[in-house]
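Engineer: This is coords.txt (compact mmCIF, C-alpha atoms).
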```txt
# COMPACT_ATOMS: atom_id res chain seq x y z
CA MET A 1 -33.32 -27.48 -43.80
CA SER A 2 -33.18 -29.99 -40.96
CA ARG A 3 -29.72 -31.17 -39.97
CA LEU A 4 -30.67 -34.54 -38.43
CA PRO A 5 -33.33 -35.93 -40.76
CA GLY A 6 -34.35 -39.45 -39.81
CA ARG A 7 -31.55 -39.82 -37.26
CA THR A 8 -32.09 -41.55 -33.94
CA ALA A 9 -30.56 -39.84 -30.91
CA ILE A 10 -30.32 -40.89 -27.28
CA VAL A 11 -29.94 -37.99 -24.83
CA THR A 12 -29.19 -38.78 -21.18
CA GLY A 13 -30.31 -36.33 -18.54
CA ALA A 14 -32.96 -35.18 -21.01
CA GLY A 15 -35.47 -34.22 -18.35
CA ALA A 16 -34.09 -30.77 -17.54
CA GLY A 17 -31.52 -28.10 -18.30
CA ASN A 18 -29.04 -28.76 -21.07
CA GLY A 19 -30.44 -32.22 -21.78
CA ARG A 20 -33.94 -30.92 -22.33
CA ALA A 21 -32.68 -28.19 -24.67
CA ILE A 22 -30.61 -30.73 -26.62
CA ALA A 23 -33.48 -33.20 -26.96
CA GLN A 24 -35.87 -30.48 -28.15
CA LEU A 25 -33.41 -28.98 -30.64
CA PHE A 26 -32.50 -32.38 -32.08
CA ALA A 27 -36.20 -33.16 -32.54
CA ARG A 28 -36.76 -29.85 -34.33
CA GLU A 29 -33.85 -30.77 -36.61
CA GLY A 30 -35.56 -34.01 -37.60
CA ALA A 31 -34.19 -36.56 -35.13
CA GLN A 32 -36.16 -39.25 -33.35
CA VAL A 33 -35.17 -38.74 -29.74
CA VAL A 34 -34.95 -41.18 -26.86
CA CYS A 35 -35.32 -38.91 -23.82
CA ALA A 36 -33.50 -40.78 -21.05
CA ASP A 37 -33.51 -39.58 -17.47
CA LEU A 38 -33.35 -40.87 -13.90
CA ASP A 39 -36.60 -38.95 -13.31
CA GLY A 40 -39.14 -40.74 -15.47
CA GLY A 41 -41.75 -38.02 -15.03
CA ARG A 42 -39.43 -35.37 -16.39
CA ALA A 43 -38.39 -37.59 -19.30
CA ALA A 44 -42.05 -38.19 -20.15
CA ALA A 45 -42.82 -34.46 -19.99
CA VAL A 46 -40.01 -33.59 -22.41
CA ALA A 47 -41.00 -36.37 -24.81
CA ALA A 48 -44.63 -35.23 -24.68
CA ALA A 49 -43.63 -31.64 -25.45
CA ILE A 50 -41.59 -32.83 -28.43
CA GLU A 51 -44.52 -34.89 -29.73
CA ALA A 52 -46.92 -31.96 -29.21
CA ALA A 53 -44.62 -29.79 -31.34
CA GLY A 54 -44.72 -32.32 -34.16
CA GLY A 55 -41.54 -34.22 -33.37
CA THR A 56 -40.88 -37.85 -32.48
CA ALA A 57 -39.70 -38.90 -29.04
CA VAL A 58 -39.93 -41.71 -26.52
CA PRO A 59 -39.19 -41.38 -22.79
CA VAL A 60 -37.01 -43.85 -20.89
CA THR A 61 -36.50 -44.00 -17.14
CA MET A 62 -32.93 -45.09 -16.55
CA ASP A 63 -29.85 -44.79 -14.36
CA HIS A 64 -26.83 -44.48 -16.62
CA THR A 65 -24.54 -45.84 -13.90
CA ARG A 66 -26.30 -49.21 -14.27
CA ASP A 67 -25.07 -51.31 -17.17
CA THR A 68 -28.43 -53.04 -17.65
CA ASP A 69 -30.24 -49.68 -17.85
CA CYS A 70 -27.82 -48.53 -20.54
CA THR A 71 -28.22 -51.67 -22.65
CA ASP A 72 -32.00 -51.52 -22.23
CA THR A 73 -31.99 -47.90 -23.41
CA ALA A 74 -29.96 -48.79 -26.49
CA GLU A 75 -32.32 -51.68 -27.19
CA THR A 76 -35.31 -49.35 -26.88
CA ALA A 77 -33.83 -47.08 -29.53
CA MET A 78 -33.14 -50.04 -31.82
CA SER A 79 -36.56 -51.61 -31.38
CA ARG A 80 -38.48 -48.35 -31.82
CA PHE A 81 -36.39 -46.70 -34.55
CA GLY A 82 -34.04 -49.34 -35.94
CA ALA A 83 -30.78 -47.49 -35.29
CA VAL A 84 -28.69 -45.49 -32.86
CA ASP A 85 -27.04 -42.69 -34.80
CA ILE A 86 -26.29 -40.22 -32.01
CA LEU A 87 -25.61 -40.45 -28.30
CA VAL A 88 -25.37 -37.37 -26.10
CA ASN A 89 -23.91 -38.16 -22.69
CA ASN A 90 -25.30 -35.19 -20.84
CA ALA A 91 -26.34 -36.52 -17.41
CA GLY A 92 -24.05 -35.36 -14.64
CA VAL A 93 -23.72 -33.78 -11.23
CA ALA A 94 -21.31 -31.38 -9.52
CA VAL A 95 -19.68 -32.32 -6.24
CA THR A 96 -17.46 -29.42 -5.22
CA GLY A 97 -14.91 -28.80 -2.50
CA ALA A 98 -11.19 -29.08 -1.87
CA VAL A 99 -9.87 -32.61 -1.37
CA ALA A 100 -9.69 -32.42 2.45
CA ALA A 101 -13.35 -31.43 2.62
CA VAL A 102 -14.76 -34.18 0.38
CA SER A 103 -15.71 -37.64 1.56
CA GLU A 104 -14.63 -40.78 -0.26
CA GLU A 105 -18.29 -41.58 -0.84
CA ASP A 106 -18.97 -38.23 -2.52
CA PHE A 107 -15.80 -38.45 -4.62
CA LEU A 108 -16.71 -41.90 -5.91
CA ARG A 109 -20.30 -40.78 -6.54
CA GLN A 110 -18.95 -37.96 -8.70
CA LEU A 111 -16.85 -40.38 -10.75
CA ARG A 112 -19.70 -42.89 -11.12
CA ILE A 113 -22.13 -40.33 -12.50
CA ASN A 114 -19.79 -38.18 -14.60
CA VAL A 115 -17.39 -40.84 -15.91
CA LEU A 116 -18.69 -44.39 -15.42
CA GLY A 117 -22.16 -43.43 -16.71
CA PRO A 118 -20.91 -42.07 -20.06
CA PHE A 119 -18.56 -45.06 -20.35
CA LEU A 120 -21.40 -47.56 -19.86
CA MET A 121 -23.85 -45.71 -22.10
CA THR A 122 -21.30 -45.37 -24.89
CA ARG A 123 -20.36 -49.02 -24.60
CA ALA A 124 -24.05 -49.94 -24.90
CA VAL A 125 -24.49 -48.16 -28.25
CA LEU A 126 -21.19 -49.21 -29.81
CA PRO A 127 -22.46 -52.51 -31.30
CA ALA A 128 -25.18 -50.70 -33.24
CA MET A 129 -22.85 -47.93 -34.41
CA ILE A 130 -20.13 -50.39 -35.41
CA SER A 131 -22.67 -52.47 -37.34
CA GLN A 132 -23.86 -49.45 -39.33
CA HIS A 133 -20.30 -48.04 -39.60
CA SER A 134 -21.38 -44.62 -38.42
CA GLY A 135 -22.24 -42.74 -35.28
CA ALA A 136 -21.69 -39.56 -33.32
CA VAL A 137 -21.11 -39.47 -29.58
CA VAL A 138 -21.21 -36.10 -27.85
CA MET A 139 -19.97 -35.70 -24.29
CA ILE A 140 -21.18 -32.73 -22.29
CA ALA A 141 -18.02 -32.01 -20.32
CA SER A 142 -16.97 -28.63 -18.89
CA VAL A 143 -14.26 -26.00 -18.89
CA ALA A 144 -13.33 -27.77 -15.65
CA GLY A 145 -12.25 -30.65 -17.87
CA LEU A 146 -9.62 -28.45 -19.52
CA ALA A 147 -8.12 -26.60 -16.55
CA PRO A 148 -8.44 -26.78 -12.75
CA ARG A 149 -10.75 -24.51 -10.79
CA PRO A 150 -10.48 -23.72 -7.10
CA ALA A 151 -12.36 -25.87 -4.56
CA GLN A 152 -13.79 -28.18 -7.22
CA ALA A 153 -11.45 -31.17 -7.00
CA PRO A 154 -14.04 -33.96 -7.53
CA TYR A 155 -15.78 -32.16 -10.39
CA VAL A 156 -12.51 -31.17 -12.09
CA THR A 157 -11.21 -34.73 -11.81
CA SER A 158 -14.38 -36.20 -13.31
CA LYS A 159 -14.49 -33.79 -16.22
CA HIS A 160 -10.80 -34.23 -17.01
CA ALA A 161 -11.47 -37.97 -17.06
CA LEU A 162 -14.46 -37.44 -19.37
CA VAL A 163 -12.31 -35.46 -21.82
CA GLY A 164 -9.73 -38.26 -21.70
CA LEU A 165 -12.45 -40.83 -22.36
CA THR A 166 -13.64 -38.74 -25.30
CA LYS A 167 -10.23 -38.72 -26.92
CA SER A 168 -9.61 -42.42 -26.29
CA LEU A 169 -12.97 -43.42 -27.76
CA ALA A 170 -12.38 -41.17 -30.77
CA LEU A 171 -9.05 -42.84 -31.47
CA ASP A 172 -10.27 -46.40 -30.91
CA TYR A 173 -13.45 -46.20 -32.99
CA ALA A 174 -12.61 -43.81 -35.83
CA ARG A 175 -12.02 -46.82 -38.08
CA HIS A 176 -15.66 -47.75 -37.55
CA GLY A 177 -16.89 -44.36 -38.72
CA ILE A 178 -17.75 -43.26 -35.18
CA ARG A 179 -16.92 -39.71 -34.12
CA VAL A 180 -16.60 -38.72 -30.45
CA ASN A 181 -16.31 -35.10 -29.32
CA ALA A 182 -16.89 -33.06 -26.17
CA VAL A 183 -18.64 -29.76 -25.48
CA CYS A 184 -16.98 -27.87 -22.61
CA PRO A 185 -19.28 -25.14 -21.29
CA ASP A 186 -18.48 -22.58 -18.63
CA PHE A 187 -21.26 -21.25 -16.38
CA VAL A 188 -24.61 -22.19 -17.92
CA ARG A 189 -27.75 -21.17 -16.09
CA THR A 190 -29.59 -24.40 -15.34
CA GLU A 191 -31.33 -25.94 -12.35
CA MET A 192 -27.94 -27.27 -11.19
CA SER A 193 -26.17 -23.91 -11.31
CA GLU A 194 -29.04 -22.09 -9.59
CA GLY A 195 -27.77 -23.49 -6.29
CA TYR A 196 -24.51 -21.60 -6.67
CA LEU A 197 -26.34 -18.40 -7.53
CA ARG A 198 -28.57 -18.78 -4.46
CA TYR A 199 -25.47 -19.31 -2.31
CA ARG A 200 -23.83 -16.21 -3.77
CA ALA A 201 -27.01 -14.16 -3.34
CA GLY A 202 -27.31 -15.23 0.30
CA LYS A 203 -23.68 -14.44 1.01
CA SER A 204 -23.93 -10.94 -0.47
CA GLY A 205 -27.43 -10.19 0.81
CA ARG A 206 -28.52 -9.28 -2.70
CA GLY A 207 -31.14 -10.92 -4.89
CA LEU A 208 -30.71 -13.88 -7.20
CA GLU A 209 -30.70 -11.79 -10.38
CA ALA A 210 -28.12 -9.42 -8.90
CA ALA A 211 -25.90 -12.41 -8.19
CA ALA A 212 -26.38 -13.68 -11.75
CA ALA A 213 -25.48 -10.25 -13.12
CA GLU A 214 -22.29 -10.20 -11.03
CA VAL A 215 -21.20 -13.56 -12.44
CA ALA A 216 -22.16 -12.53 -15.98
CA ALA A 217 -19.89 -9.49 -15.69
CA ASP A 218 -16.90 -11.87 -15.70
CA PHE A 219 -17.65 -12.86 -19.31
CA PRO A 220 -16.61 -10.64 -22.24
CA LEU A 221 -19.90 -11.38 -24.02
CA GLY A 222 -21.71 -9.99 -20.98
CA ARG A 223 -24.06 -12.85 -20.16
CA LEU A 224 -24.21 -16.34 -18.70
CA GLY A 225 -24.50 -19.35 -20.94
CA ALA A 226 -27.93 -20.80 -21.70
CA PRO A 227 -28.98 -24.41 -22.34
CA ASP A 228 -29.70 -23.42 -25.94
CA ASP A 229 -26.01 -22.51 -26.36
CA VAL A 230 -24.98 -26.00 -25.26
CA ALA A 231 -27.64 -27.57 -27.49
CA ALA A 232 -26.35 -25.69 -30.54
CA ALA A 233 -22.80 -26.89 -29.91
CA ALA A 234 -24.01 -30.47 -29.43
CA LEU A 235 -25.95 -30.24 -32.69
CA HIS A 236 -22.79 -29.23 -34.53
CA PHE A 237 -20.96 -32.33 -33.31
CA ALA A 238 -23.96 -34.58 -33.96
CA SER A 239 -24.55 -33.41 -37.52
CA ALA A 240 -22.69 -33.75 -40.82
CA GLU A 241 -21.32 -30.23 -40.26
CA SER A 242 -18.52 -31.85 -38.24
CA ALA A 243 -18.11 -34.95 -40.42
CA TRP A 244 -14.29 -34.68 -40.34
CA VAL A 245 -13.98 -33.84 -36.66
CA THR A 246 -13.33 -36.31 -33.87
CA GLY A 247 -11.59 -36.24 -30.50
CA GLU A 248 -12.08 -32.50 -30.14
CA THR A 249 -13.25 -30.25 -27.31
CA TYR A 250 -15.53 -27.29 -27.99
CA LEU A 251 -14.83 -24.49 -25.49
CA LEU A 252 -18.10 -22.68 -24.81
CA ASP A 253 -17.25 -19.87 -22.40
CA GLY A 254 -18.42 -16.48 -23.67
CA GLY A 255 -14.82 -15.41 -24.15
CA ARG A 256 -13.87 -15.82 -20.52
CA SER A 257 -10.70 -17.83 -21.19
CA LEU A 258 -9.34 -14.83 -23.10
CA LEU A 259 -9.04 -12.94 -19.83
CA GLU A 260 -6.97 -15.54 -17.95
CA PRO A 261 -6.03 -18.27 -20.41
CA ARG A 262 -3.73 -20.04 -17.94
CA ARG A 263 -5.85 -19.63 -14.82
CA PRO A 264 -9.62 -20.05 -15.40
CA ARG A 265 -11.46 -18.34 -12.57
CA GLY A 266 -13.85 -20.22 -10.34
CA ALA A 267 -17.52 -19.26 -10.53
CA GLY A 268 -19.46 -22.34 -9.61
CA PRO A 269 -19.82 -25.49 -11.69
CA GLY A 270 -19.28 -25.04 -15.40
```
Could you rewrite the structure in this file as structure tokens?
Structural biologist:
Amino acid sequence: MSRLPGRTAIVTGAGAGNGRAIAQLFAREGAQVVCADLDGGRAAAVAAAIEAAGGTAVPVTMDHTRDTDCTDTAETAMSRFGAVDILVNNAGVAVTGAVAAVSEEDFLRQLRINVLGPFLMTRAVLPAMISQHSGAVVMIASVAGLAPRPAQAPYVTSKHALVGLTKSLALDYARHGIRVNAVCPDFVRTEMSEGYLRYRAGKSGRGLEAAAAEVAADFPLGRLGAPDDVAAAALHFASAESAWVTGETYLLDGGRSLLEPRRPRGAGPG
């Protein structure tokens, strides 16, 4: 049985990695998906793949740090499908480094993409969700939004802020039937995290897969996260399975926090 029959979902950063997996899973579960991405070609490719598999999708080229792009995306969903039932704020970047090593420009860029973008995109869909007295917003945050990690000050700050935004939105809009929750993954192997693995491989002189295996050994479940893991968690928050859940964070870490619950270890962007 499909879990999102007839629902309309907007997924930002849908052109690759976690966003692509979320868009494809939501479509398989019956949703009509607006695949939004800064890279229009990637968004179009994901939407085409969904359509080829029998689903329904429309691509949108947009920058979620621009208010007009966010409102246009919401309007596209309304004009094409008549509703906005689900928003997944997935688009993000990782700017790492200790405070003394990070420029003001890079720090502000991190906040614009990881915090301002979700704020603007959520604000854009609120009128539709309030009007229909229902909606589910899913933030793709990080374990770095729950505890600090070494040499990741900008990223940690942005993800803590995103978790705070999640809880504030959940409290403010619960009376309108809108639920807001956050998925907090640890190390998921995507295009973004490949850079860290290449760095680690170069530093050790070993291959990429050897570096990935070394990182995976830190997790009790013995493997790195996959985009499909994030998509499954997002589906739970987007569907009626979590109808009485709002303002929560879903820790997705392969059991790693069990090893050092007070001091999460650093292993690249999570």
Engineer: Counting only C-alpha atoms, find the residues whose atoms lie at most 7 Å from (-16.0, -44.1, -23.5) (file coordinates) and write them out as a ChimeraX atom specification.
Structural biologist: /A:118-119,122-123,165-166,169
Engineer: Between atom CA of Val58 of chain A and atom CA of Cys184 of chain A, what distance in Å does the model show, to one decimal?
Structural biologist: 27.1 Å
Engineer: Anything within 7 Å of (-14.2, -32.5, -25.3): list those residues as a list in words, counting all atoms listed in the file and sticking to the file's coordinates.
Structural biologist: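 The residues that fall inside the cut-off are Met139, Ala141, Val163, Thr166, Asn181, Ala182, Val183, Cys184, Gly247, Glu248, Thr249 and Tyr250 of chain A.
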Engineer: Find the distance between atom CA of Ala101 of chain A and atom CA of Arg256 of chain A and write it in Å to one decimal.
Structural biologist: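 So the two atoms, atom CA of Ala101 of chain A and atom CA of Arg256 of chain A, lie 27.9 Å apart.
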Engineer: Skipping near chain neighbours, those fewer than 4 positions away, what residues fall within 6 Å of Ala170 of chain A using only C-alpha atoms, listed as a ChimeraX atom specification?
Structural biologist: /A:174,179-180,246-247
